[in-house]
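What follows is a short report on a single structure.
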Amino acid sequence: MNREQKITIGAALTILAGGIGFFARQRIVHADRKSLQHEYAQDYGISEFSYRNASASDLAQMIRSGQVTSRQLIKHVVARIKADNPQLNAVINLRESAALQEAADLEDTGQPFYGVPILIKGLGQQLKGASNTRGLLALKNKQANETSDYVKQLQSLGFIIIGQTNYPELGLINVTASKLNGTAHNPWRLNRNTGGSSGGAVASVAADFVPLATGNDAGGSLRIPASFTGVIGLKPTQGAITGDSTVPSTVNFANARYISDLQAYFVGMKNAEHPEMIKDAPSDLKQLKIAYSVKSPVGTKVSKDAIKAVKQAVKFLRAQGYTVVKKDAPIDGEKLMKAYYTAATSTGTDANEAIEAATGKPMRFKKVSPMTWALYQADKKQTTASEQFVANVMVKVAQQMTNFHEQYPIYLTPTTATAAPKNNDPAYLPKYVKRLKHIKKLDHDDQIQLIYDAWLHGLSKTPFTQLANISGEPALSLPTYVTKHGLPIGIQLQAAKGQDQMLLQLGKEFQDNGQFESFDSYQAKK
């Protein structure tokens, strides 16, 4: 097929499972999984077992050595997606024919990920001719007119893009569900969400579609879903990656199963315009003092499991010879979030402009998410004083964290305060949806307070990630803990600007010492 193919979503399959795990459901879809592996091995040059245990770098080496071809890998991955995606709704578009042709045309120039299939997030990572809806119903047929610098750079590393992954409308919420693309289901348990906004990406990694998938992060969108699905997610230093602004905003990167892949990917995706931003990892990480906290920055409850995840990490780090002390970051979390929401109001105006351009009519409440509508109405009343408030908070938080890291180079917290929520848990409670509908009647201060109150139901599950976005610092989510109910929760390591490689090196120490709990490893133990 020459154009993107919309994946058929088997909605009925996703409803039936309740609490049944993904592989249990797999046995329903594929009664004989061994014969399925044989089919893959026979037709596509690689067994399912070999594929799901390979890193992206491993796959590139297999292609380079002639063990398998890039086209065979693409066919293998597409077969996996077509078989398993109806349960997950992680992938929203495929470009199989285009990918096969690109693989046939690719020349080996030493690319680190030569011929490796990859899925890219459907939001904010434009690929010419591919879907570019931003999750808005009114833009359902919109396609990108050009390829972004970020996507061009990842292609230069040898990746072959096979499709796009699911995300919520405008990437606004910490779960993946939208009127346009539907709900993404968690491989660990199908009645749970993947998190957001890079929810389709993490599900694709956790379910072994690809070893690495791209995402982006403006408030935790790489790290929150990483925590909920047991994969790795790095939010890089603001401006460190090709195509990203140096001003606090969205940053692009990826989720993966292996730290080594993210290390190689980081080197390949570094912003050549700002090489001075990135520091080399210290030769002896154990000289770095680590502070940890399990206190929610906005005063909400943190689950016992999230606390246990951090304490388990503290125990490991101390056993490795690190100095770890309990210390909260010196920030006002509620003020930080109000500044964050105030800055986000322009997203609503941008959405309205896109809708008007596509339809000739302004945004309607019923056609967008309640928060898209609320942000649009609040932006109409945004004042210079409000914008100055945002600027002042950003400057203060950045300075507070710079000072904090002089004493504590690494800051450890839970990534999320809970495990993944159920898919029937609303992003906003119904009582607030009713009030958001009429938000334009309020003055601006009351609008921001209502937005804060409405978002708190979701924020209480994920209050730790926004700090790194406001401060512009790197933060890494690691999959180190699984609850007794069989759901993952990540830990987060945050550091000063430019210390991305140090965080990745510390994360590698966790992985090398068997501290990670992936979906595959957990299933094997079970």
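By order in the structure tokens, chains are A, B, ...; within a chain, residues start at 1; ligands start at 1, following the order shown.
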Residues at most 8 Å from Thr413 of chain A, counting only C-alpha atoms, excluding those fewer than 3 positions away in the same chain, as a ChimeraX atom specification?
/A:292-294,310,464,491-493
Dump N, CA and C atoms for the selected residues as a compact mmCIF listing (two decimals), in the first residue's frame?
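Now in result_36.txt:
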```txt
# COMPACT_ATOMS: atom_id res chain seq x y z
N TYR A 292 16.90 11.63 47.88
CA TYR A 292 15.66 10.97 47.46
C TYR A 292 14.48 11.52 48.23
N SER A 293 13.31 11.43 47.60
CA SER A 293 12.07 11.91 48.22
C SER A 293 10.92 11.04 47.74
N VAL A 294 9.97 10.82 48.62
CA VAL A 294 8.73 10.13 48.25
C VAL A 294 7.53 11.03 48.54
N VAL A 310 11.02 3.28 45.54
CA VAL A 310 12.15 4.18 45.82
C VAL A 310 13.05 3.58 46.90
N PHE A 464 5.31 13.90 39.95
CA PHE A 464 6.76 14.04 40.06
C PHE A 464 7.47 14.46 38.78
N ILE A 491 11.00 4.23 38.87
CA ILE A 491 11.68 5.25 39.67
C ILE A 491 12.25 6.29 38.73
N GLN A 492 12.38 7.53 39.21
CA GLN A 492 12.89 8.61 38.39
C GLN A 492 14.18 9.17 38.96
N LEU A 493 15.16 9.34 38.10
CA LEU A 493 16.43 9.99 38.45
C LEU A 493 16.51 11.30 37.68
```
Alpha helix (DSSP H) call set, DSSP backbone run, segment 140-353 of chain A, as JSON, numbers by chain
{"A": [149, 150, 151, 152, 153, 154, 155, 156, 199, 200, 201, 202, 203, 204, 205, 206, 223, 224, 225, 226, 227, 228, 229, 259, 260, 261, 262, 263, 264, 265, 266, 267, 268, 269, 304, 305, 306, 307, 308, 309, 310, 311, 312, 313, 314, 315, 316, 317, 318, 319, 333, 334, 335, 336, 337, 338, 339, 340, 341, 342, 343, 344, 345, 346, 347, 348, 349, 350, 351, 352, 353]}
Using backbone DSSP assignments, extract all strand (DSSP E or B) residues from segment 84-114 of chain A; output them as a PyMOL selection string.
chain A and resi 91-94
Within 8 Å of Trp373 of chain A, counting only C-alpha atoms, which residues show up once you throw out same-chain ones fewer than 2 positions away? Write them as a list in words, please.
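Neighbouring residues, sequence-local ones excluded: Gly348, Met363, Arg364, Phe365, Val368, Ser369, Pro370, Met371, Leu375, Tyr376, Gln377, Leu436 and Lys437 of chain A.
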Let's have the selection written as a compact mmCIF listing (two decimals), in the first residue's frame, with all heavy atoms.
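Just written: out_38.txt:
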```
# COMPACT_ATOMS: atom_id res chain seq x y z
N GLY A 348 -4.61 25.57 23.63
CA GLY A 348 -6.01 25.64 23.25
C GLY A 348 -6.25 26.57 22.08
O GLY A 348 -7.03 26.26 21.17
N MET A 363 -13.85 26.05 17.38
CA MET A 363 -13.92 24.88 18.24
C MET A 363 -15.28 24.76 18.93
O MET A 363 -15.85 25.76 19.35
CB MET A 363 -12.82 24.98 19.29
CG MET A 363 -12.73 23.84 20.27
SD MET A 363 -11.57 24.21 21.62
CE MET A 363 -10.03 24.45 20.75
N ARG A 364 -15.76 23.51 19.04
CA ARG A 364 -16.99 23.22 19.78
C ARG A 364 -16.66 22.32 20.95
O ARG A 364 -15.85 21.39 20.82
CB ARG A 364 -18.02 22.56 18.87
CG ARG A 364 -18.56 23.47 17.78
CD ARG A 364 -19.44 22.66 16.82
NE ARG A 364 -20.52 21.97 17.53
CZ ARG A 364 -21.23 20.97 17.01
NH1 ARG A 364 -20.94 20.53 15.79
NH2 ARG A 364 -22.19 20.40 17.71
N PHE A 365 -17.31 22.55 22.08
CA PHE A 365 -17.01 21.78 23.30
C PHE A 365 -17.14 20.28 23.09
O PHE A 365 -16.28 19.51 23.54
CB PHE A 365 -17.95 22.24 24.42
CG PHE A 365 -17.76 21.49 25.72
CD1 PHE A 365 -16.72 21.82 26.58
CD2 PHE A 365 -18.63 20.46 26.07
CE1 PHE A 365 -16.54 21.13 27.77
CE2 PHE A 365 -18.45 19.76 27.26
CZ PHE A 365 -17.40 20.10 28.11
N VAL A 368 -14.08 18.32 21.16
CA VAL A 368 -12.72 18.29 21.69
C VAL A 368 -12.77 17.80 23.14
O VAL A 368 -13.86 17.66 23.72
CB VAL A 368 -12.03 19.67 21.62
CG1 VAL A 368 -11.85 20.12 20.18
CG2 VAL A 368 -12.83 20.71 22.42
N SER A 369 -11.60 17.58 23.73
CA SER A 369 -11.57 17.20 25.13
C SER A 369 -11.96 18.40 25.99
O SER A 369 -11.79 19.55 25.57
CB SER A 369 -10.18 16.72 25.54
OG SER A 369 -9.31 17.82 25.73
N PRO A 370 -12.50 18.17 27.20
CA PRO A 370 -12.88 19.30 28.06
C PRO A 370 -11.72 20.24 28.34
O PRO A 370 -11.92 21.45 28.46
CB PRO A 370 -13.37 18.62 29.34
CG PRO A 370 -13.70 17.23 28.96
CD PRO A 370 -12.82 16.88 27.82
N MET A 371 -10.49 19.68 28.44
CA MET A 371 -9.36 20.53 28.78
C MET A 371 -8.90 21.36 27.59
O MET A 371 -8.44 22.50 27.75
CB MET A 371 -8.20 19.69 29.32
CG MET A 371 -7.12 20.52 30.00
SD MET A 371 -7.76 21.59 31.34
CE MET A 371 -8.23 20.40 32.58
N LEU A 375 -8.58 25.33 28.08
CA LEU A 375 -7.35 26.08 27.82
C LEU A 375 -7.58 27.18 26.78
O LEU A 375 -7.02 28.28 26.90
CB LEU A 375 -6.25 25.12 27.34
CG LEU A 375 -5.75 24.11 28.38
CD1 LEU A 375 -4.80 23.12 27.74
CD2 LEU A 375 -5.06 24.81 29.55
N TYR A 376 -8.39 26.88 25.79
CA TYR A 376 -8.71 27.89 24.77
C TYR A 376 -9.43 29.08 25.40
O TYR A 376 -9.09 30.25 25.13
CB TYR A 376 -9.56 27.23 23.68
CG TYR A 376 -10.16 28.20 22.69
CD1 TYR A 376 -9.37 29.18 22.07
CD2 TYR A 376 -11.52 28.14 22.34
CE1 TYR A 376 -9.93 30.08 21.15
CE2 TYR A 376 -12.07 29.01 21.42
CZ TYR A 376 -11.28 29.98 20.84
OH TYR A 376 -11.81 30.85 19.92
N GLN A 377 -10.42 28.80 26.25
CA GLN A 377 -11.15 29.90 26.88
C GLN A 377 -10.26 30.71 27.82
O GLN A 377 -10.35 31.94 27.88
CB GLN A 377 -12.36 29.33 27.64
CG GLN A 377 -13.36 28.58 26.78
CD GLN A 377 -13.92 29.41 25.64
OE1 GLN A 377 -14.09 30.63 25.76
NE2 GLN A 377 -14.20 28.77 24.52
N LEU A 436 -16.02 22.89 33.47
CA LEU A 436 -15.12 23.30 32.39
C LEU A 436 -15.91 23.77 31.16
O LEU A 436 -15.46 24.65 30.42
CB LEU A 436 -14.20 22.14 32.00
CG LEU A 436 -13.12 21.76 33.02
CD1 LEU A 436 -12.41 20.48 32.60
CD2 LEU A 436 -12.10 22.88 33.21
N LYS A 437 -17.06 23.18 30.94
CA LYS A 437 -17.89 23.57 29.79
C LYS A 437 -18.24 25.05 29.84
O LYS A 437 -18.36 25.72 28.81
CB LYS A 437 -19.15 22.71 29.77
CG LYS A 437 -20.06 22.99 28.58
CD LYS A 437 -21.26 22.06 28.58
CE LYS A 437 -22.14 22.32 27.36
NZ LYS A 437 -23.32 21.40 27.33
```
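Among the candidates A:Ile74, A:Leu476, A:Leu212, A:Ala218, the residue lying nearest to Pro414 of chain A is A:Leu476 (atoms considered: only C-alpha atoms).
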Taking 6 positions as the minimum chain separation for residues in the same chain, which residues sit within 12 Å of Ser65 of chain A when counting only C-alpha atoms? Answer as a list of chain:residue names.
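Here the answer would be A:Asp58, A:Leu59, A:Asp108, A:Tyr114, A:Gly115.
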Which residues come within 9 Å of segment 296-309 of chain A, counting only C-alpha atoms, excluding same-chain residues fewer than 2 positions away, as a ChimeraX atom specification?
/A:293-294,311-314,328-329,331-335,337,413-419,456,459-464,467,480-484,489-491
Can you tell me which residues surround segment 392-403 of chain A at a distance of at most 8 Å, considering only C-alpha atoms, apart from same-chain residues fewer than 3 positions away, and format the answer as a ChimeraX atom specification?
/A:329-331,335-336,339,388-389,406-407,470-472,496
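The shortest atom-to-atom distance to Thr165 of chain A, with only C-alpha atoms taken into account, belongs to A:Asn181 out of A:His405, A:Val267, A:Ala343, A:Asn181.
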Which of these residues is nearest to Ile173 of chain A, using only C-alpha atoms: A:Asn132, A:Thr372, A:Ser204, A:Gln263?
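Between A:Asn132, A:Thr372, A:Ser204, A:Gln263, the residue approaching Ile173 of chain A most closely is A:Thr372.
Proximity to His185 of chain A at 9 Å, evaluated using only C-alpha atoms and with sequence-adjacent residues fewer than 4 positions away removed, yields A:Thr14, A:Gln87, A:Leu88, A:Asn89, A:Ala90, A:Thr176, A:Arg189, A:Leu190, A:Asn191, A:Arg192, A:Asn193, A:Thr194, A:Gly199, A:Gly200, A:Ala203, A:Asn423.
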May I have the residues from that selection written out with C-alpha atoms, as a PDB file, in the first residue's frame?
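What follows is the written file out.pdb:
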```pdb
ATOM      1  CA  THR A  14     -10.109  -4.991  24.343  1.00  0.00           C
ATOM      2  CA  GLN A  87      -5.903  -5.785  21.647  1.00  0.00           C
ATOM      3  CA  LEU A  88      -3.617  -2.872  22.441  1.00  0.00           C
ATOM      4  CA  ASN A  89      -4.454  -0.057  20.006  1.00  0.00           C
ATOM      5  CA  ALA A  90      -0.850   1.066  20.366  1.00  0.00           C
ATOM      6  CA  THR A 176      -3.673   7.697  26.178  1.00  0.00           C
ATOM      7  CA  ARG A 189      -3.183  -5.872  31.922  1.00  0.00           C
ATOM      8  CA  LEU A 190      -5.569  -4.907  29.170  1.00  0.00           C
ATOM      9  CA  ASN A 191      -8.029  -3.078  31.419  1.00  0.00           C
ATOM     10  CA  ARG A 192      -5.242  -0.679  32.455  1.00  0.00           C
ATOM     11  CA  ASN A 193      -4.016   2.331  30.513  1.00  0.00           C
ATOM     12  CA  THR A 194      -0.524   2.774  29.113  1.00  0.00           C
ATOM     13  CA  GLY A 199       1.246   5.657  25.418  1.00  0.00           C
ATOM     14  CA  GLY A 200       1.312   3.872  22.093  1.00  0.00           C
ATOM     15  CA  ALA A 203       3.030  -0.320  24.688  1.00  0.00           C
ATOM     16  CA  ASN A 423      -9.103   2.538  31.415  1.00  0.00           C
TER      17      ASN A 423
END
```
